[in-house]
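**Q** Have a look at this one.
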Amino acid sequence: MRNLGRFFLWLFAALGGLVIIGTVAVAILVLRYEKEPPQMPDQAYLWLDLTAPVPEKPHAPTPFSQEAPQATFLEHLNAIEKAKDDPRITGVVALVGYGSLGTAHIQELRDAIADFRKSGKMTIAYAEDLGSFGGGTLDYYTATAFEQVWLQPSGGVGLTGLALETPYFAKALDKLNIEARFEQRQEFKGGADPFTRTGMSVPVRQSLEQMVDGWMAQIVRDTETDRPQLQGRLRNLVDNGPYLAEDALKDGLIDRIAYRDEFEDHLRAEAGVGKDGDYTPISPAAYLAALAGEADDNADSGTEIALIQGVGAIVPNGDGKGLWDDKTFDPYLVADALRTAREDDKIQAVLLRVDSPGGAYAQSDMVWREVQRLREAGKPVVAQMTDMAASGGYFVSMGADHVIAQPGTLTGSIGVYAGKFVTQALWDKLGVKWERVQTGKNAGMWSMVTDFSDQELVKFRQFLDFVYDDFTSKAADNRGLDKAGIDRAARGRIWTGEDALQVGLVDELGGLPEAKAALRRLLKLDEGAKLSFTLLPHPPTLLEELQHLLSAENPLELVAASAVQSTVKAQAEAVLGDLSALQTNVGMIQMPPIRISR
């Protein structure tokens, strides 16, 4: 027994030693990296891998992550902008496919590539496949931002249009003896419909059809502009897709068919090096790091602007860091960042970048209030909405001094739904009897067993009416809309950004360049005045993460947790990703569950 105890003692000591040695080793590597930034080659292509997810927010680093660091979307835009005037960058090359970007992000990227093309430098996209078996309309939309589109011989172009699908569970719930007690405000708000209806209502169908038709019109317009050979033909091509590579080439959808090695040989030839030479691709992250290493520390940094990002569903109990990265909008973290920006004298304005389907009402209102306080303090706020600013996502954006959306930004859905499932009949059928003791007449109001009493139902409806009235009155005030105007824009309707501009929900269409121009106008700066963006809250560096680990009472436990998180994250997301469609939402101002085929 004593020998067994010694064995475990030595085992734990060895594990602890390994943790410390590993931590110190990684810290040394971090310090070395910080001292020796990547070197910029004399000639390079800016290489964008758009087949991998491009995060909106920077992710907190971990020494145990198995994933290579990926540049954020804004870092991609920044790299493209800087590469335009950098003589060492001879072009932009992109790997495209597998649906990594949404409509508005694609439009923002397309704008950046269009601006880069003014330099006369090469832009070229390569794809193994453009969604021939999964819908490739948005992949193709991405690719056509580039002058040339190359495709692998075995690939195809899945140009088939767009489709939205949403499930309706009412009959399934009936079979399970479960009653859905949900209500919503108003008729275009479809969040509760999947639980209470057997099919799509006329108003919801009308709203969704208008949105998808708007997206398709934008895709056709932009694609035919960038590929004049398709002028007037794209609609017909969409109706006859998908296409094998040879057919896509004949119809002018692509420019070349080649394997990846042949594509890279072409890049070498363009760079003027031999077949075995190095044409030097450089990623946005490496390029920006190299430029940072060359920067003049004494250069004027410009007017300081806080960049605050609200990404994902607005959760009522954010944990400050978020296991799922871009998938959850921590309202407490965002509100605290807005507060910090208001109290920091160095920060002159805020760019609030939002990509959210909405979520908890009270927490959305909390973030909205902090935006108002910033404006009251004399610090302008520009809200830039990306793929989605719906319900709570629009709520947190609408109070800004200037609201910007891309033409394809899903916007609005000003409304509310809430409710619960009643499972009494199910339990009765199973022979299970629930008993309750309570104090307070309405204490069991949110029981998932029993239905609302008459008194509870009155209170429930009062809450919904209050939320809808509060949302619409604040939206009308922020956007300068009269009663008729807000009624026309609200009632749960969802809009593309282009349509939202027409009904007064946004001020301008565009992306980061338009947001910068708006900030300069609001601050009364010259048109070309330099802006310096400070990300709030500041994500911890790898060294800070290591310092946290070393200062912990039980570093071994933290190491294990970090390692497990990195290992199971992808599997957990795959399993849990679609379950939000079945979640019971109480007091939610959120988009209904929709699957987009593109």
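Chain identifiers are assigned as A, B, and so on, following the order in which chains appear in the structure tokens; residues are numbered from 1 within each chain, and ligands are numbered from 1 in order of appearance.
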With only C-alpha atoms as the counted atoms, please give the residues lying no more than 10 Å from stretch 193-204 of chain A, apart from itself and same-chain residues fewer than 6 positions off, as a ChimeraX atom specification.
**A** /A:166-173,179-184,186-187,210,417,420-421,492-494,581-582,584,592-593
**Q** Excluding stretch 157-159 of chain A and its own-chain neighbours fewer than 4 positions away, which residues fall within 12 Å of it when counting only C-alpha atoms? Please give them as a compact mmCIF listing (two decimals) with all heavy atoms, in the first residue's frame.
**A**
```
# COMPACT_ATOMS: atom_id res chain seq x y z
N VAL A 96 -11.26 29.20 -52.50
CA VAL A 96 -12.68 29.46 -52.29
C VAL A 96 -13.44 28.13 -52.26
O VAL A 96 -13.08 27.19 -52.95
CB VAL A 96 -13.24 30.37 -53.40
CG1 VAL A 96 -14.72 30.66 -53.19
CG2 VAL A 96 -12.45 31.68 -53.45
N GLY A 97 -14.51 28.11 -51.47
CA GLY A 97 -15.38 26.94 -51.43
C GLY A 97 -15.80 26.58 -50.03
O GLY A 97 -15.27 27.10 -49.05
N TYR A 98 -16.81 25.72 -49.94
CA TYR A 98 -17.27 25.15 -48.68
C TYR A 98 -17.97 26.15 -47.77
O TYR A 98 -18.04 25.97 -46.56
CB TYR A 98 -16.12 24.44 -47.94
CG TYR A 98 -15.41 23.47 -48.84
CD1 TYR A 98 -14.12 23.74 -49.31
CD2 TYR A 98 -16.04 22.31 -49.26
CE1 TYR A 98 -13.48 22.87 -50.17
CE2 TYR A 98 -15.40 21.42 -50.12
CZ TYR A 98 -14.12 21.71 -50.57
OH TYR A 98 -13.50 20.84 -51.42
N GLY A 99 -18.49 27.25 -48.34
CA GLY A 99 -19.42 28.13 -47.64
C GLY A 99 -18.95 28.71 -46.34
O GLY A 99 -19.65 28.62 -45.33
N ALA A 127 -10.65 26.99 -56.77
CA ALA A 127 -11.55 26.15 -56.00
C ALA A 127 -11.41 24.71 -56.43
O ALA A 127 -11.30 24.41 -57.63
CB ALA A 127 -13.00 26.61 -56.18
N GLU A 128 -11.42 23.82 -55.46
CA GLU A 128 -11.53 22.40 -55.77
C GLU A 128 -12.95 22.10 -56.27
O GLU A 128 -13.15 21.31 -57.18
CB GLU A 128 -11.23 21.56 -54.53
CG GLU A 128 -9.82 21.71 -54.01
CD GLU A 128 -9.65 21.08 -52.64
OE1 GLU A 128 -10.64 20.53 -52.11
OE2 GLU A 128 -8.54 21.15 -52.10
N ASP A 129 -13.90 22.77 -55.63
CA ASP A 129 -15.31 22.58 -55.99
C ASP A 129 -16.08 23.79 -55.47
O ASP A 129 -15.77 24.32 -54.40
CB ASP A 129 -15.86 21.30 -55.36
CG ASP A 129 -17.30 21.03 -55.77
OD1 ASP A 129 -17.53 20.75 -56.96
OD2 ASP A 129 -18.19 21.12 -54.91
N LEU A 130 -17.07 24.21 -56.22
CA LEU A 130 -17.90 25.34 -55.81
C LEU A 130 -19.32 24.87 -55.51
O LEU A 130 -20.29 25.30 -56.12
CB LEU A 130 -17.89 26.43 -56.89
CG LEU A 130 -16.58 27.22 -57.02
CD1 LEU A 130 -16.59 28.11 -58.25
CD2 LEU A 130 -16.31 28.05 -55.77
N GLY A 131 -19.41 23.94 -54.57
CA GLY A 131 -20.71 23.52 -54.05
C GLY A 131 -21.56 22.73 -55.00
O GLY A 131 -22.79 22.85 -54.96
N SER A 132 -20.94 21.86 -55.82
CA SER A 132 -21.75 21.12 -56.80
C SER A 132 -22.70 20.13 -56.14
O SER A 132 -23.72 19.77 -56.72
CB SER A 132 -20.84 20.39 -57.79
OG SER A 132 -19.87 19.60 -57.13
N PHE A 133 -22.38 19.68 -54.91
CA PHE A 133 -23.27 18.76 -54.21
C PHE A 133 -23.87 19.38 -52.95
O PHE A 133 -24.44 18.67 -52.13
CB PHE A 133 -22.52 17.47 -53.82
CG PHE A 133 -22.25 16.58 -54.99
CD1 PHE A 133 -21.03 16.61 -55.65
CD2 PHE A 133 -23.22 15.71 -55.46
CE1 PHE A 133 -20.78 15.79 -56.73
CE2 PHE A 133 -22.99 14.88 -56.55
CZ PHE A 133 -21.76 14.92 -57.19
N GLY A 134 -23.75 20.68 -52.78
CA GLY A 134 -24.28 21.28 -51.57
C GLY A 134 -24.77 22.69 -51.73
O GLY A 134 -25.00 23.38 -50.74
N GLY A 135 -24.94 23.15 -52.95
CA GLY A 135 -25.35 24.53 -53.15
C GLY A 135 -24.15 25.44 -53.11
O GLY A 135 -23.52 25.62 -52.06
N GLY A 136 -23.78 26.00 -54.23
CA GLY A 136 -22.56 26.80 -54.30
C GLY A 136 -22.78 28.22 -54.73
O GLY A 136 -21.84 28.89 -55.18
N THR A 137 -24.01 28.72 -54.62
CA THR A 137 -24.29 30.07 -55.12
C THR A 137 -23.44 31.12 -54.41
O THR A 137 -22.87 32.00 -55.05
CB THR A 137 -25.79 30.39 -54.96
OG1 THR A 137 -26.55 29.43 -55.70
CG2 THR A 137 -26.11 31.78 -55.47
N LEU A 138 -23.35 31.04 -53.09
CA LEU A 138 -22.55 32.03 -52.37
C LEU A 138 -21.06 31.80 -52.56
O LEU A 138 -20.28 32.76 -52.57
CB LEU A 138 -22.91 32.03 -50.88
CG LEU A 138 -24.30 32.57 -50.52
CD1 LEU A 138 -24.43 32.73 -49.01
CD2 LEU A 138 -24.59 33.89 -51.21
N ASP A 139 -20.65 30.55 -52.71
CA ASP A 139 -19.24 30.29 -53.05
C ASP A 139 -18.89 30.93 -54.38
O ASP A 139 -17.82 31.54 -54.54
CB ASP A 139 -18.98 28.78 -53.12
CG ASP A 139 -18.91 28.14 -51.74
OD1 ASP A 139 -18.66 28.86 -50.76
OD2 ASP A 139 -19.10 26.91 -51.66
N TYR A 140 -19.77 30.77 -55.36
CA TYR A 140 -19.52 31.37 -56.66
C TYR A 140 -19.54 32.89 -56.57
O TYR A 140 -18.74 33.58 -57.21
CB TYR A 140 -20.55 30.88 -57.68
CG TYR A 140 -20.26 31.37 -59.08
CD1 TYR A 140 -19.13 30.94 -59.77
CD2 TYR A 140 -21.10 32.29 -59.70
CE1 TYR A 140 -18.83 31.41 -61.04
CE2 TYR A 140 -20.82 32.76 -60.98
CZ TYR A 140 -19.69 32.32 -61.64
OH TYR A 140 -19.39 32.80 -62.89
N TYR A 141 -20.45 33.42 -55.78
CA TYR A 141 -20.53 34.87 -55.55
C TYR A 141 -19.20 35.39 -55.00
O TYR A 141 -18.70 36.45 -55.40
CB TYR A 141 -21.68 35.14 -54.58
CG TYR A 141 -22.07 36.59 -54.36
CD1 TYR A 141 -22.00 37.54 -55.36
CD2 TYR A 141 -22.56 36.98 -53.11
CE1 TYR A 141 -22.40 38.85 -55.14
CE2 TYR A 141 -22.96 38.29 -52.88
CZ TYR A 141 -22.88 39.22 -53.89
OH TYR A 141 -23.27 40.51 -53.66
N THR A 142 -18.60 34.64 -54.08
CA THR A 142 -17.30 35.01 -53.53
C THR A 142 -16.24 34.99 -54.62
O THR A 142 -15.44 35.93 -54.76
CB THR A 142 -16.90 34.04 -52.41
OG1 THR A 142 -17.91 34.02 -51.40
CG2 THR A 142 -15.58 34.46 -51.77
N ALA A 143 -16.21 33.91 -55.40
CA ALA A 143 -15.16 33.73 -56.40
C ALA A 143 -15.18 34.82 -57.46
O ALA A 143 -14.12 35.25 -57.94
CB ALA A 143 -15.30 32.36 -57.05
N THR A 144 -16.37 35.29 -57.83
CA THR A 144 -16.46 36.26 -58.93
C THR A 144 -16.00 37.66 -58.54
O THR A 144 -15.98 38.55 -59.39
CB THR A 144 -17.90 36.33 -59.48
OG1 THR A 144 -18.81 36.65 -58.42
CG2 THR A 144 -18.29 35.02 -60.12
N VAL A 149 -11.28 33.01 -62.24
CA VAL A 149 -11.79 31.92 -61.42
C VAL A 149 -11.31 30.60 -62.01
O VAL A 149 -11.63 30.29 -63.17
CB VAL A 149 -13.34 31.93 -61.35
CG1 VAL A 149 -13.84 30.79 -60.46
CG2 VAL A 149 -13.86 33.27 -60.84
N TRP A 150 -10.52 29.86 -61.23
CA TRP A 150 -9.98 28.57 -61.66
C TRP A 150 -10.68 27.47 -60.88
O TRP A 150 -11.00 27.62 -59.70
CB TRP A 150 -8.48 28.49 -61.40
CG TRP A 150 -7.63 29.35 -62.29
CD1 TRP A 150 -7.85 30.65 -62.63
CD2 TRP A 150 -6.41 28.96 -62.92
NE1 TRP A 150 -6.84 31.11 -63.44
CE2 TRP A 150 -5.94 30.09 -63.63
CE3 TRP A 150 -5.68 27.79 -62.95
CZ2 TRP A 150 -4.76 30.06 -64.35
CZ3 TRP A 150 -4.49 27.75 -63.67
CH2 TRP A 150 -4.04 28.87 -64.38
N LEU A 151 -10.88 26.30 -61.54
CA LEU A 151 -11.60 25.20 -60.92
C LEU A 151 -10.90 23.88 -61.22
O LEU A 151 -10.42 23.66 -62.33
CB LEU A 151 -13.05 25.15 -61.45
CG LEU A 151 -13.99 24.11 -60.86
CD1 LEU A 151 -14.25 24.39 -59.38
CD2 LEU A 151 -15.31 24.08 -61.64
N GLN A 152 -10.87 23.01 -60.24
CA GLN A 152 -10.30 21.67 -60.42
C GLN A 152 -11.15 20.89 -61.42
O GLN A 152 -12.39 21.02 -61.43
CB GLN A 152 -10.28 20.96 -59.07
CG GLN A 152 -9.60 19.60 -59.09
CD GLN A 152 -9.39 19.07 -57.68
OE1 GLN A 152 -8.57 19.59 -56.93
NE2 GLN A 152 -10.15 18.04 -57.32
N PRO A 153 -10.54 20.04 -62.26
CA PRO A 153 -11.32 19.33 -63.29
C PRO A 153 -12.47 18.50 -62.74
O PRO A 153 -13.52 18.39 -63.40
CB PRO A 153 -10.26 18.42 -63.95
CG PRO A 153 -8.97 19.12 -63.72
CD PRO A 153 -9.10 19.79 -62.40
N MET A 216 -30.99 37.36 -54.00
CA MET A 216 -30.67 36.85 -55.33
C MET A 216 -30.48 38.00 -56.31
O MET A 216 -29.58 37.95 -57.17
CB MET A 216 -31.79 35.92 -55.80
CG MET A 216 -31.38 35.02 -56.95
SD MET A 216 -30.10 33.83 -56.45
CE MET A 216 -28.93 34.02 -57.79
N ILE A 219 -27.00 39.32 -55.83
CA ILE A 219 -25.98 38.41 -56.36
C ILE A 219 -25.91 38.51 -57.88
O ILE A 219 -24.82 38.59 -58.47
CB ILE A 219 -26.29 36.96 -55.92
CG1 ILE A 219 -26.07 36.82 -54.41
CG2 ILE A 219 -25.45 35.95 -56.69
CD1 ILE A 219 -26.58 35.51 -53.82
N VAL A 220 -27.07 38.54 -58.54
CA VAL A 220 -27.10 38.66 -60.00
C VAL A 220 -26.48 39.99 -60.44
O VAL A 220 -25.63 40.03 -61.35
CB VAL A 220 -28.55 38.54 -60.52
CG1 VAL A 220 -28.64 38.92 -61.99
CG2 VAL A 220 -29.06 37.11 -60.30
N THR A 223 -22.59 39.98 -59.71
CA THR A 223 -21.85 39.02 -60.51
C THR A 223 -21.79 39.44 -61.97
O THR A 223 -20.73 39.34 -62.62
CB THR A 223 -22.49 37.62 -60.38
OG1 THR A 223 -22.51 37.23 -59.00
CG2 THR A 223 -21.70 36.59 -61.17
N LEU A 234 -27.37 35.43 -66.20
CA LEU A 234 -27.13 34.70 -64.96
C LEU A 234 -28.40 34.07 -64.40
O LEU A 234 -28.36 32.94 -63.88
CB LEU A 234 -26.49 35.62 -63.91
CG LEU A 234 -25.87 34.87 -62.72
CD1 LEU A 234 -24.73 33.97 -63.17
CD2 LEU A 234 -25.38 35.83 -61.66
N ARG A 235 -29.52 34.75 -64.49
CA ARG A 235 -30.77 34.19 -63.99
C ARG A 235 -31.07 32.84 -64.66
O ARG A 235 -31.45 31.87 -64.00
CB ARG A 235 -31.93 35.15 -64.23
CG ARG A 235 -31.93 36.38 -63.38
CD ARG A 235 -32.58 36.12 -62.04
NE ARG A 235 -32.71 37.35 -61.26
CZ ARG A 235 -33.24 37.40 -60.05
NH1 ARG A 235 -33.66 36.29 -59.47
NH2 ARG A 235 -33.33 38.54 -59.41
N ASN A 236 -30.90 32.79 -65.98
CA ASN A 236 -31.14 31.55 -66.71
C ASN A 236 -30.12 30.48 -66.33
O ASN A 236 -30.47 29.30 -66.20
CB ASN A 236 -31.08 31.82 -68.22
CG ASN A 236 -31.45 30.59 -69.02
OD1 ASN A 236 -32.55 30.06 -68.90
ND2 ASN A 236 -30.52 30.14 -69.85
N LEU A 237 -28.87 30.90 -66.12
CA LEU A 237 -27.84 29.95 -65.70
C LEU A 237 -28.16 29.37 -64.33
O LEU A 237 -27.93 28.18 -64.08
CB LEU A 237 -26.47 30.64 -65.70
CG LEU A 237 -25.87 30.93 -67.08
CD1 LEU A 237 -24.68 31.88 -66.95
CD2 LEU A 237 -25.46 29.63 -67.78
N VAL A 238 -28.67 30.20 -63.43
CA VAL A 238 -29.05 29.72 -62.10
C VAL A 238 -30.13 28.64 -62.22
O VAL A 238 -30.06 27.60 -61.55
CB VAL A 238 -29.56 30.89 -61.22
CG1 VAL A 238 -30.24 30.37 -59.97
CG2 VAL A 238 -28.41 31.81 -60.85
N ASP A 239 -31.11 28.86 -63.06
CA ASP A 239 -32.23 27.92 -63.20
C ASP A 239 -31.81 26.61 -63.85
O ASP A 239 -32.57 25.63 -63.81
CB ASP A 239 -33.36 28.56 -64.00
CG ASP A 239 -34.08 29.65 -63.22
OD1 ASP A 239 -34.00 29.63 -61.98
OD2 ASP A 239 -34.70 30.53 -63.85
N ASN A 240 -30.61 26.57 -64.46
CA ASN A 240 -30.16 25.36 -65.13
C ASN A 240 -28.94 24.73 -64.45
O ASN A 240 -28.35 23.79 -64.99
CB ASN A 240 -29.84 25.65 -66.60
CG ASN A 240 -31.09 25.89 -67.42
OD1 ASN A 240 -31.77 24.96 -67.82
ND2 ASN A 240 -31.42 27.16 -67.65
N GLY A 241 -28.56 25.25 -63.28
CA GLY A 241 -27.42 24.69 -62.56
C GLY A 241 -27.80 23.43 -61.81
O GLY A 241 -29.00 23.08 -61.71
N PRO A 242 -26.83 22.70 -61.25
CA PRO A 242 -25.39 22.97 -61.20
C PRO A 242 -24.67 22.55 -62.48
O PRO A 242 -25.27 21.91 -63.35
CB PRO A 242 -24.93 22.14 -60.00
CG PRO A 242 -25.87 20.98 -59.97
CD PRO A 242 -27.20 21.51 -60.43
N TYR A 243 -23.34 22.87 -62.54
CA TYR A 243 -22.58 22.66 -63.76
C TYR A 243 -21.31 21.87 -63.49
O TYR A 243 -20.61 22.12 -62.50
CB TYR A 243 -22.20 24.02 -64.38
CG TYR A 243 -23.40 24.82 -64.81
CD1 TYR A 243 -24.02 25.69 -63.92
CD2 TYR A 243 -23.92 24.69 -66.09
CE1 TYR A 243 -25.15 26.41 -64.29
CE2 TYR A 243 -25.05 25.42 -66.48
CZ TYR A 243 -25.65 26.27 -65.57
OH TYR A 243 -26.76 26.98 -65.95
N LEU A 244 -21.01 20.94 -64.40
CA LEU A 244 -19.69 20.30 -64.42
C LEU A 244 -18.66 21.35 -64.85
O LEU A 244 -19.00 22.36 -65.46
CB LEU A 244 -19.69 19.12 -65.38
CG LEU A 244 -20.63 17.96 -65.04
CD1 LEU A 244 -20.66 16.95 -66.18
CD2 LEU A 244 -20.21 17.29 -63.73
N ALA A 245 -17.40 21.07 -64.56
CA ALA A 245 -16.35 22.06 -64.83
C ALA A 245 -16.32 22.46 -66.30
O ALA A 245 -16.22 23.66 -66.63
CB ALA A 245 -15.00 21.51 -64.38
N GLU A 246 -16.38 21.48 -67.22
CA GLU A 246 -16.31 21.79 -68.66
C GLU A 246 -17.49 22.66 -69.09
O GLU A 246 -17.32 23.60 -69.88
CB GLU A 246 -16.27 20.50 -69.48
CG GLU A 246 -14.96 19.73 -69.38
CD GLU A 246 -13.80 20.44 -70.07
OE1 GLU A 246 -14.06 21.41 -70.83
OE2 GLU A 246 -12.65 20.03 -69.86
N ASP A 247 -18.68 22.36 -68.59
CA ASP A 247 -19.85 23.16 -68.94
C ASP A 247 -19.74 24.57 -68.37
O ASP A 247 -20.15 25.55 -69.02
CB ASP A 247 -21.12 22.49 -68.43
CG ASP A 247 -21.41 21.18 -69.14
OD1 ASP A 247 -21.04 21.05 -70.33
OD2 ASP A 247 -21.97 20.27 -68.50
N ALA A 248 -19.22 24.68 -67.13
CA ALA A 248 -19.04 26.00 -66.52
C ALA A 248 -18.06 26.85 -67.32
O ALA A 248 -18.25 28.07 -67.49
CB ALA A 248 -18.53 25.83 -65.08
N LEU A 249 -17.02 26.21 -67.87
CA LEU A 249 -16.05 26.93 -68.70
C LEU A 249 -16.70 27.40 -70.00
O LEU A 249 -16.51 28.56 -70.42
CB LEU A 249 -14.86 26.02 -68.99
CG LEU A 249 -13.72 26.64 -69.80
CD1 LEU A 249 -13.09 27.80 -69.04
CD2 LEU A 249 -12.66 25.58 -70.13
N ASP A 251 -19.80 28.07 -70.56
CA ASP A 251 -20.80 29.11 -70.31
C ASP A 251 -20.20 30.39 -69.74
O ASP A 251 -20.94 31.34 -69.45
CB ASP A 251 -21.87 28.58 -69.34
CG ASP A 251 -22.87 27.66 -70.03
OD1 ASP A 251 -23.29 28.00 -71.16
OD2 ASP A 251 -23.23 26.63 -69.45
N GLY A 252 -18.89 30.44 -69.57
CA GLY A 252 -18.24 31.65 -69.09
C GLY A 252 -18.32 31.86 -67.59
O GLY A 252 -18.02 32.96 -67.09
N LEU A 253 -18.72 30.82 -66.85
CA LEU A 253 -18.80 30.95 -65.40
C LEU A 253 -17.42 30.94 -64.75
O LEU A 253 -17.21 31.55 -63.70
CB LEU A 253 -19.66 29.82 -64.82
CG LEU A 253 -21.15 29.85 -65.16
CD1 LEU A 253 -21.82 28.55 -64.73
CD2 LEU A 253 -21.83 31.04 -64.50
N ILE A 254 -16.47 30.22 -65.37
CA ILE A 254 -15.10 30.16 -64.86
C ILE A 254 -14.15 30.45 -66.01
O ILE A 254 -14.55 30.50 -67.19
CB ILE A 254 -14.78 28.79 -64.23
CG1 ILE A 254 -14.91 27.68 -65.28
CG2 ILE A 254 -15.71 28.51 -63.04
CD1 ILE A 254 -14.45 26.31 -64.78
N ILE A 257 -9.58 25.55 -66.09
CA ILE A 257 -9.70 24.28 -65.38
C ILE A 257 -8.29 23.76 -65.15
O ILE A 257 -7.50 23.63 -66.10
CB ILE A 257 -10.52 23.26 -66.19
CG1 ILE A 257 -11.96 23.78 -66.38
CG2 ILE A 257 -10.54 21.91 -65.49
CD1 ILE A 257 -12.80 22.89 -67.28
N SER A 597 -30.10 27.10 -47.68
CA SER A 597 -29.41 26.36 -48.74
C SER A 597 -28.97 27.37 -49.77
O SER A 597 -29.78 28.12 -50.30
CB SER A 597 -30.36 25.33 -49.36
OG SER A 597 -30.79 24.39 -48.40
N ARG A 598 -27.68 27.36 -50.09
CA ARG A 598 -27.16 28.44 -50.92
C ARG A 598 -26.24 27.91 -52.00
O ARG A 598 -25.40 28.55 -52.52
CB ARG A 598 -26.42 29.44 -50.05
CG ARG A 598 -25.33 28.79 -49.19
CD ARG A 598 -24.87 29.67 -48.09
NE ARG A 598 -23.60 29.21 -47.56
CZ ARG A 598 -22.81 29.93 -46.81
NH1 ARG A 598 -23.16 31.14 -46.50
NH2 ARG A 598 -21.66 29.48 -46.36
```
**Q** Using only C-alpha atoms for the distances, tell me which of A:Arg521, A:Asn177, A:Asp469, A:Gly415 is nearest to A:Leu430.
**A**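 Answer, going by the shortest atom-to-atom distance: A:Asn177.
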**Q** Given only C-alpha atoms as the basis, pick out the residue of A:Gln372, A:Gln43, A:Thr411, A:Thr123 nearest to A:Leu505.
**A**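 Of A:Gln372, A:Gln43, A:Thr411, A:Thr123, the one nearest A:Leu505 is A:Thr411, counting only C-alpha atoms.
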**Q** Tell me which of A:Lys82, A:Lys459, A:Lys474, A:Arg88 sits closest to A:Ile113, counting only C-alpha atoms.
**A** A:Lys82
**Q** Output as a VMD selection string all residues of stretch 67-187 of chain A that backbone DSSP marks as strand (DSSP E or B).
**A** chain A and resid 89 to 95 122 to 127 130 148 to 151 156 to 157 163 to 165 179 to 185
**Q** From the set A:Ala390, A:Leu291, A:Ile89, A:Val334, which residue has the shortest atom-to-atom contact distance to A:Tyr45, counting only C-alpha atoms?
**A** A:Ile89
**Q** Counting only C-alpha atoms, what is within 10 Å of stretch 48-59 of chain A, bar same-chain residues fewer than 5 positions away, as number ranges by chain?
**A** A: 69-76, 79-80, 92-101, 105, 125-128, 139, 142-143, 281-285, 308-312, 321-322, 324-326, 353-355, 386, 535, 538-541
**Q** Give me the stretch 56-128 of chain A side of the contact with stretch 399-409 of chain A, cut-off 7 Å, one line per residue showing its nearest atom pair and distance in Å at one decimal, counting only C-alpha atoms, sorted by chain and residue number, as JSON lines.
**A**
```
{"residue": "A:Thr103", "atom": "CA", "partner": "A:Gly408", "partner_atom": "CA", "distance": 5.7}
{"residue": "A:Ala104", "atom": "CA", "partner": "A:Gly408", "partner_atom": "CA", "distance": 5.0}
{"residue": "A:Gln107", "atom": "CA", "partner": "A:Gln406", "partner_atom": "CA", "distance": 6.9}
```
**Q** Keeping only N, CA, C and O atoms, write the selected residues to a file as a CSV table (one decimal), in the first residue's frame.
**A**
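What ended up in result.csv:
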```csv
chain,number,residue,atom,x,y,z
A,103,THR,N,-23.7,36.2,-46.6
A,103,THR,CA,-23.9,37.1,-47.7
A,103,THR,C,-23.3,38.5,-47.5
A,103,THR,O,-22.6,39.0,-48.4
A,104,ALA,N,-23.5,39.1,-46.3
A,104,ALA,CA,-23.0,40.4,-46.1
A,104,ALA,C,-21.5,40.4,-46.0
A,104,ALA,O,-20.8,41.3,-46.4
A,107,GLN,N,-20.1,40.4,-49.4
A,107,GLN,CA,-20.2,41.7,-50.0
A,107,GLN,C,-19.1,42.6,-49.5
A,107,GLN,O,-18.6,43.4,-50.3
```
**Q** Which of these residues is nearest to A:Arg461, using only C-alpha atoms: A:Gly102, A:Gly480, A:Asp345, A:Val416?
**A**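 Of the candidates, the smallest distance to A:Arg461 is held by A:Val416.
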**Q** So, with only C-alpha atoms as the atoms that count, which of A:Ala517, A:Ser447, A:Met122, A:Arg260 lies closest to A:Ala529?
**A**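 Looking at the shortest contact to A:Ala529, the residue is A:Ala517.
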**Q** One decimal, Å: what's the distance from atom CA of A:Pro380 over to atom CA of A:Ala349, could you say?
**A**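 So the two atoms, atom CA of A:Pro380 and atom CA of A:Ala349, lie 4.9 Å apart.
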